[in-house]
Amino acid sequence: TLNVKKKKNLYICVLNLTISVWPLPQIVIPSPERYQLKPQSFSFGYRRNLDTKHSCSVLDAAFKRYFSILFPGYTYANLITFSIVFTLTISLDRHDCQGYPNQDSSERYKLSVFAGQASLNAETVWGSLRGLETFSQLVYQDDFGSYYVNKTEIEDYPQFNYRGILLDTSRHYLPVQAILKTLDAMAYSKFNVFHWHLVDDPSFPYQSQKFPDLSNKGAFHPVTHIYTQSDVRRVISYARMRGIRVLPEFDSPGHTKSWGKGQSELLTPCYRGDTPSGTFGPVNPTLPSTYQFMASLLKEVASVFPDPYIHLGGDEVDFSCWRSNPYIRAFMHKMGFGLDFSKLEAFYIEKIVNITSVLRKTSIVWQDVFDYHERRKFLSVVEVWKQGCYLCEVRRVVKAGLRVILASPWYLDQPGPTHNWARYYNVWPLAFKGTEKQKSLVIGGEVCLWGEYVDATNLSPRLWPRASAAAERLWSNERQTSCVERAFPRLQEFRCKLLRRGIQAEPLYVGHCKHEYQSG
Amino acid sequence: MNNLLGFTFILLALGSCRGLQDNDVDEEPELVFQPSKYGSLWPLPQNVQISDVSLKLSSSSFSITDAKESGAGASCGLLQLAYKRYYEYIFGGAKKQKVNRNARAGPTDLLELQVWITSPDSECDGYPSVSSDESCLETFSQLVYEDEYGTKTINSTVISDFPRFPHRGILLDTSRHFLPVKVILTNLEIMAMNKFNVFHWHIVDDPSFPYLSRTFPNLSQKGAYHPYTHVYTPADVKMVIEFARLRGIRVVSEFDTPGHTQSWGKGQTDLLTPCYSGSKPSGTFGPVNPILNSTYEFMTQFFKEISEVFPDAYIHLGGDEVSFACWQSNPDIQKFMEQQGFGKDYRKLESFYIQKLLDIVAATNKGYIIWQEVFDNGVKLKPDTVVHVWIGSGSNSEISKVTAAGYTTILSAPWYLDYISIGQDWLNYYKVEPLNFNGTEEQKKLVIGGEACMWGEYVDATNLTPRLWPRASAVAERLWSAKEVTDTGDAFSRLSLHRCRLVERGIPAEPLTPSFCLHEYKGI
């Protein structure tokens, strides 16, 4: 049922797909044969084999969530009664329900709806979560309110392992509830990384165990506008239950104004002539105390956030303050950096990256670090964010043998009429000249919602469903999903599903959903 | 002149001084938050004197009462409801405790807000008109702030206030997307907080016909997105009108014809013009068919209903963007054009239709508002017609022409808020000067106000409120405050606080810049 013809550089799709799953699975064999589902006689179960003799807390919680999604208004009781006529049976190749999802976790699954039963097989619990999401999107209600699912065979896996959403909690504080709601919506679009841009110039809402003054003095408010340790744990565990990693970012040496309020001598004093002007610049890279502090803070971060990666930022460092400071200039002279302040920045970043590797974490940096430094060996993952020929940059990074996360085409903080969703859809992350091995270094992409003009009041409608367009690009087969016209009705239907699930996703164009968003 | 809610408030002045609270942080290079001497007042009243003397308000001892001399008493339900509403705004939904006058009130406590309706006829049960004066309870509530101990505090203040323009509207479009009634009510509530006084209800258009007509129920039965879940029943419409009235807001309904009527055709056969391809009907339809008597019979009955359902003195009749292609394709229309001697000028046909429609509506004793094209096309208009200027380029010269012809006008061209961009676009709406056109003093008096328009192509209940507010608030101040109120720095500071107040009242008004509110939005 799926035909793709390549004609010059344009894919002409001939699709007879009736399937409305978003993002589109890799292989789908639909059928008109359908089975009725009833909330009273539907159940989830585990395949009774050696590997899954115990139940799995992640899945048990998912059963409850998805039951209410399948049958709005009902809650899952999991009563084993004789009346069970439809069971979705899950089997896992590796029965590991205790861990965290990571960069190499398999999300592959096979879903088969056949002869009035459904079975879902996955290598890991994270793959089974993706399969449950797909199953939930296959179920529909007819005009009389009955639930149905069609006979379907699906084999699915993501095109890219890293599919992220960046939220910025420094420019505006986002209440924990807003983050959790976003994690829900992320799972519906099969995103698997929450990149938490926790702190930045305007505020420092992360409440550090070791340095409580950072948020006491650097947050917008020391009590109401912070993330306590228990808030952070809650976000991490909520994300884990949905197969989502939490990648913390502690951006330095720039973007650190708020840090300076609670940690004296961390930032560089700027000078006007011979005297300090009273303002501060980036982190001071010349003092040993800086590195002691950073080592201590990052050690805490490494233990609080289980993910094996830490984002170290490193973008947009303004050199003018460093240049004004006589001590910095003296240090530059001593180190033989001449007047090249990018060398000073490299000196700093290299030390921070080393601190991170000692903590057995892999660091991710913004592309600026890669761009301005000749020594790149110490880097691992580079996030490309600048506009312009971003694929040129991707190519440069993979040629240097480093891994890439692509964010440039997905800066969603720029508002726009929603019909622009197509520009987030028509992105081809691998459309550059390179070897297969180089292309395999592109590990994924990320949607960035920077916080200048975004807070809890408008976050959801700005993010959804535009981010879902990127989600399909990162999950699905590019060749099967290259037609905007084909995608449009599916995305419209998916957006209505989001509304039905309580996600405030804005409309794509004129039209309606059977169940409109009920505010408040 | 009717003084619906003109009032005086009396403040007992004793106590210590303190400045206004700074609860906003801002990183914008151009606009820096500095507490305004006008606090968080928005839109800025005409005359304000705020002293340093501060008074405390206690939720148990403060009350809003009618002054002895007031023209309205306890029987004025509208006012009593407003007192309750504003009490809750001021005390953040705190349960009203029994008012206890004997409670130990400190010397710096403010005990009472007396509302004095100076006109003998309070118009309590009436309906706001274009000449009504405005509610100032909102202003009082904006003077109240929390000191650092959380005590509700107000500075001794004298304000006298009136709006610069009497018509200050918001257009919502319920055809391109259906807006649940609750969302409309929420926005009426926010309009009152911004002293808007006209809800322009663009209720039907091409995509859907959600208005449930008693006379022609098929219009929504077949023309709405869904005949039960996506319609406004007579009870819904009544509720919207009453909810608006209680807040001093008029509801001006728009039934746009002859274009923008695709959805009408589904429930009313023969209303729209059949388009032809070659010599055969193509199966598609164009604007209202202006050559059939049945069209005018339908319109007569339909607008009779509308004039009864909507109490406002005006009906908006639309008349914009009529495409002539379908009329041109239809041989019956061509024949009619010939008979009438219109030649090939389809604007004459459009005028012919509008002329007849205006007569029909005039017979219901309603005034009408029309989009500017109707004026541009030379249709003969009643002298009290209001011309609505919306086309972005050349709107100044358009206003010049309209007022030179002696018509009153409302301005929307610079305030199409469905167009969005990054950054502080509220400034663009704020900097508009509606009377900045070539014309005499007499002409300038004909500009009765303006409207912010939120067309619905990309807007529904999910994103309406944050997209509209606080951007529309910029329009609110332009239309209410004195012409000289143009200090963008001061406006930024007041608007930042105003937006936090909206958020605190549970409204998802989006942020202006990197910043925070003491009480962030919780309705997630």
# chains A, B, ... in the order shown; residues from 1 in each chain; ligands from 1
call {"tool": "residues_around", "arguments": {"residues": "Phe378 in chain A", "least_positions_apart": "4", "cutoff": "10 Å", "atoms": "only C-alpha atoms", "output": "ChimeraX atom specification"}}
result
/A:349-351,353-354,357,363,402
call {"tool": "select_by_dssp", "arguments": {"residues": "range 103-249 of chain B", "states": "alpha helix (DSSP H)", "output": "ChimeraX atom specification"}}
result
/B:137-143,181-193,218-223,234-245
call {"tool": "interface_residues", "arguments": {"of": "chain B", "to": "chain A", "cutoff": "9 Å", "atoms": "only C-alpha atoms", "output": "PyMOL selection string"}}
result
chain B and resi 24-27+175-180+182-183+207-208+225-226+229-230+418-424+456-463+465-467+503+507-524
call {"tool": "residues_around", "arguments": {"residues": "Asp359 in chain B", "least_positions_apart": "2", "cutoff": "12 Å", "atoms": "only C-alpha atoms", "output": "VMD selection string"}}
result
chain B and resid 296 299 to 300 303 317 352 to 357 361 to 368 379 to 382
call {"tool": "write_last_selection", "arguments": {"atoms": "N, CA and C atoms", "output": "JSON list (two decimals), in the first residue's frame"}}
result
[["chain", "number", "residue", "atom", "x", "y", "z"],
["B", 296, "TYR", "N", -34.38, 38.73, -0.86],
["B", 296, "TYR", "CA", -34.72, 39.87, -0.02],
["B", 296, "TYR", "C", -35.81, 39.52, 0.98],
["B", 299, "MET", "N", -33.87, 37.84, 3.70],
["B", 299, "MET", "CA", -33.11, 38.80, 4.49],
["B", 299, "MET", "C", -34.04, 39.61, 5.42],
["B", 300, "THR", "N", -35.23, 39.92, 4.92],
["B", 300, "THR", "CA", -36.18, 40.68, 5.73],
["B", 300, "THR", "C", -36.54, 39.90, 7.00],
["B", 303, "PHE", "N", -33.23, 39.36, 9.31],
["B", 303, "PHE", "CA", -32.76, 40.52, 10.09],
["B", 303, "PHE", "C", -33.82, 41.03, 11.07],
["B", 317, "LEU", "N", -23.14, 44.91, 9.12],
["B", 317, "LEU", "CA", -23.63, 44.21, 7.94],
["B", 317, "LEU", "C", -22.52, 43.73, 7.01],
["B", 352, "PHE", "N", -26.37, 47.61, -5.60],
["B", 352, "PHE", "CA", -27.80, 47.35, -5.72],
["B", 352, "PHE", "C", -28.28, 46.47, -4.57],
["B", 353, "TYR", "N", -27.48, 45.41, -4.31],
["B", 353, "TYR", "CA", -27.83, 44.48, -3.23],
["B", 353, "TYR", "C", -27.76, 45.18, -1.86],
["B", 354, "ILE", "N", -26.64, 45.85, -1.63],
["B", 354, "ILE", "CA", -26.41, 46.47, -0.32],
["B", 354, "ILE", "C", -27.49, 47.51, -0.05],
["B", 355, "GLN", "N", -27.82, 48.27, -1.09],
["B", 355, "GLN", "CA", -28.84, 49.30, -0.96],
["B", 355, "GLN", "C", -30.15, 48.70, -0.44],
["B", 356, "LYS", "N", -30.54, 47.60, -1.06],
["B", 356, "LYS", "CA", -31.80, 46.96, -0.65],
["B", 356, "LYS", "C", -31.68, 46.41, 0.77],
["B", 357, "LEU", "N", -30.49, 45.86, 1.08],
["B", 357, "LEU", "CA", -30.28, 45.30, 2.42],
["B", 357, "LEU", "C", -30.35, 46.40, 3.48],
["B", 361, "VAL", "N", -32.76, 46.63, 6.77],
["B", 361, "VAL", "CA", -32.30, 46.76, 8.16],
["B", 361, "VAL", "C", -32.79, 48.07, 8.76],
["B", 362, "ALA", "N", -32.82, 49.12, 7.96],
["B", 362, "ALA", "CA", -33.28, 50.41, 8.46],
["B", 362, "ALA", "C", -34.73, 50.30, 8.94],
["B", 363, "ALA", "N", -35.50, 49.44, 8.27],
["B", 363, "ALA", "CA", -36.90, 49.26, 8.65],
["B", 363, "ALA", "C", -37.04, 48.61, 10.03],
["B", 364, "THR", "N", -35.98, 47.97, 10.53],
["B", 364, "THR", "CA", -36.03, 47.37, 11.87],
["B", 364, "THR", "C", -35.62, 48.38, 12.94],
["B", 365, "ASN", "N", -35.40, 49.62, 12.52],
["B", 365, "ASN", "CA", -34.99, 50.69, 13.44],
["B", 365, "ASN", "C", -33.61, 50.49, 14.04],
["B", 366, "LYS", "N", -32.77, 49.78, 13.32],
["B", 366, "LYS", "CA", -31.39, 49.64, 13.78],
["B", 366, "LYS", "C", -30.48, 50.50, 12.92],
["B", 367, "GLY", "N", -29.42, 50.95, 13.54],
["B", 367, "GLY", "CA", -28.38, 51.59, 12.76],
["B", 367, "GLY", "C", -27.46, 50.50, 12.23],
["B", 368, "TYR", "N", -26.58, 50.86, 11.30],
["B", 368, "TYR", "CA", -25.70, 49.82, 10.80],
["B", 368, "TYR", "C", -24.26, 50.27, 10.65],
["B", 379, "VAL", "N", -22.10, 53.25, -2.37],
["B", 379, "VAL", "CA", -23.48, 52.93, -1.98],
["B", 379, "VAL", "C", -24.04, 54.11, -1.18],
["B", 380, "LYS", "N", -25.31, 54.41, -1.43],
["B", 380, "LYS", "CA", -25.94, 55.50, -0.69],
["B", 380, "LYS", "C", -26.20, 55.04, 0.74],
["B", 381, "LEU", "N", -25.67, 55.76, 1.70],
["B", 381, "LEU", "CA", -25.77, 55.33, 3.10],
["B", 381, "LEU", "C", -26.58, 56.33, 3.90],
["B", 382, "LYS", "N", -27.25, 55.80, 4.95],
["B", 382, "LYS", "CA", -27.93, 56.71, 5.87],
["B", 382, "LYS", "C", -26.87, 57.56, 6.56]]
call {"tool": "closest_residue", "arguments": {"among": "B:Pro414, B:Gly283, B:Pro45, B:Pro383", "to": "Lys483 in chain B", "atoms": "only C-alpha atoms"}}
result
B:Pro45
call {"tool": "atom_distance", "arguments": {"atom1": "CA of Asp156 in chain A", "atom2": "CA of Tyr109 in chain A"}}
result
5.6 Å
call {"tool": "atom_distance", "arguments": {"atom1": "CA of Ile370 in chain B", "atom2": "CA of His316 in chain B"}}
result
5.8 Å
call {"tool": "residues_around", "arguments": {"residues": "Glu133 in chain A", "least_positions_apart": "2", "cutoff": "9 Å", "atoms": "only C-alpha atoms", "output": "list of chain:residue names"}}
result
A:Tyr66, A:Ser128, A:Leu129, A:Arg130, A:Gly131, A:Phe135, A:Ser136, A:Gln137, A:Leu138, A:Ala187, A:Tyr188, A:Ser189, A:Lys190
call {"tool": "write_last_selection", "arguments": {"atoms": "N, CA, C and O atoms", "output": "JSON list (two decimals), in the first residue's frame"}}
result
[["chain", "number", "residue", "atom", "x", "y", "z"],
["A", 66, "TYR", "N", -3.01, 4.84, 29.51],
["A", 66, "TYR", "CA", -3.54, 4.61, 28.17],
["A", 66, "TYR", "C", -4.97, 4.10, 28.19],
["A", 66, "TYR", "O", -5.72, 4.30, 27.25],
["A", 128, "SER", "N", 8.16, -0.64, 24.25],
["A", 128, "SER", "CA", 6.75, -1.01, 24.44],
["A", 128, "SER", "C", 5.90, 0.22, 24.71],
["A", 128, "SER", "O", 4.73, 0.27, 24.34],
["A", 129, "LEU", "N", 6.49, 1.25, 25.36],
["A", 129, "LEU", "CA", 5.74, 2.50, 25.56],
["A", 129, "LEU", "C", 5.40, 3.14, 24.21],
["A", 129, "LEU", "O", 4.30, 3.66, 24.01],
["A", 130, "ARG", "N", 6.36, 3.11, 23.29],
["A", 130, "ARG", "CA", 6.10, 3.68, 21.96],
["A", 130, "ARG", "C", 4.98, 2.89, 21.28],
["A", 130, "ARG", "O", 4.12, 3.45, 20.60],
["A", 131, "GLY", "N", 5.01, 1.57, 21.46],
["A", 131, "GLY", "CA", 3.98, 0.73, 20.86],
["A", 131, "GLY", "C", 2.61, 0.99, 21.45],
["A", 131, "GLY", "O", 1.60, 1.00, 20.73],
["A", 135, "PHE", "N", -0.72, 2.10, 19.52],
["A", 135, "PHE", "CA", -1.99, 1.39, 19.66],
["A", 135, "PHE", "C", -3.11, 2.36, 20.02],
["A", 135, "PHE", "O", -4.20, 2.31, 19.47],
["A", 136, "SER", "N", -2.80, 3.28, 20.95],
["A", 136, "SER", "CA", -3.83, 4.22, 21.39],
["A", 136, "SER", "C", -4.32, 5.10, 20.24],
["A", 136, "SER", "O", -5.45, 5.59, 20.25],
["A", 137, "GLN", "N", -3.44, 5.32, 19.27],
["A", 137, "GLN", "CA", -3.84, 6.15, 18.13],
["A", 137, "GLN", "C", -4.59, 5.35, 17.07],
["A", 137, "GLN", "O", -5.19, 5.93, 16.17],
["A", 138, "LEU", "N", -4.51, 4.02, 17.15],
["A", 138, "LEU", "CA", -5.24, 3.20, 16.18],
["A", 138, "LEU", "C", -6.71, 3.06, 16.54],
["A", 138, "LEU", "O", -7.55, 2.79, 15.69],
["A", 187, "ALA", "N", 5.39, 12.53, 24.95],
["A", 187, "ALA", "CA", 5.21, 11.08, 24.78],
["A", 187, "ALA", "C", 4.21, 10.79, 23.65],
["A", 187, "ALA", "O", 4.38, 9.83, 22.91],
["A", 188, "TYR", "N", 3.19, 11.67, 23.50],
["A", 188, "TYR", "CA", 2.21, 11.44, 22.44],
["A", 188, "TYR", "C", 2.84, 11.58, 21.05],
["A", 188, "TYR", "O", 2.38, 11.00, 20.10],
["A", 189, "SER", "N", 3.91, 12.41, 20.96],
["A", 189, "SER", "CA", 4.59, 12.57, 19.68],
["A", 189, "SER", "C", 5.89, 11.76, 19.62],
["A", 189, "SER", "O", 6.70, 11.96, 18.74],
["A", 190, "LYS", "N", 6.08, 10.89, 20.60],
["A", 190, "LYS", "CA", 7.27, 10.01, 20.66],
["A", 190, "LYS", "C", 8.59, 10.77, 20.77],
["A", 190, "LYS", "O", 9.63, 10.30, 20.32]]
call {"tool": "residues_around", "arguments": {"residues": "Ala491 in chain B", "least_positions_apart": "4", "cutoff": "9 Å", "atoms": "only C-alpha atoms", "output": "list in words"}}
result
Ser36, Trp42, Leu44, Tyr430, Ala474, Val485, Thr486, Asp487, Leu495 and Ser496 of chain B
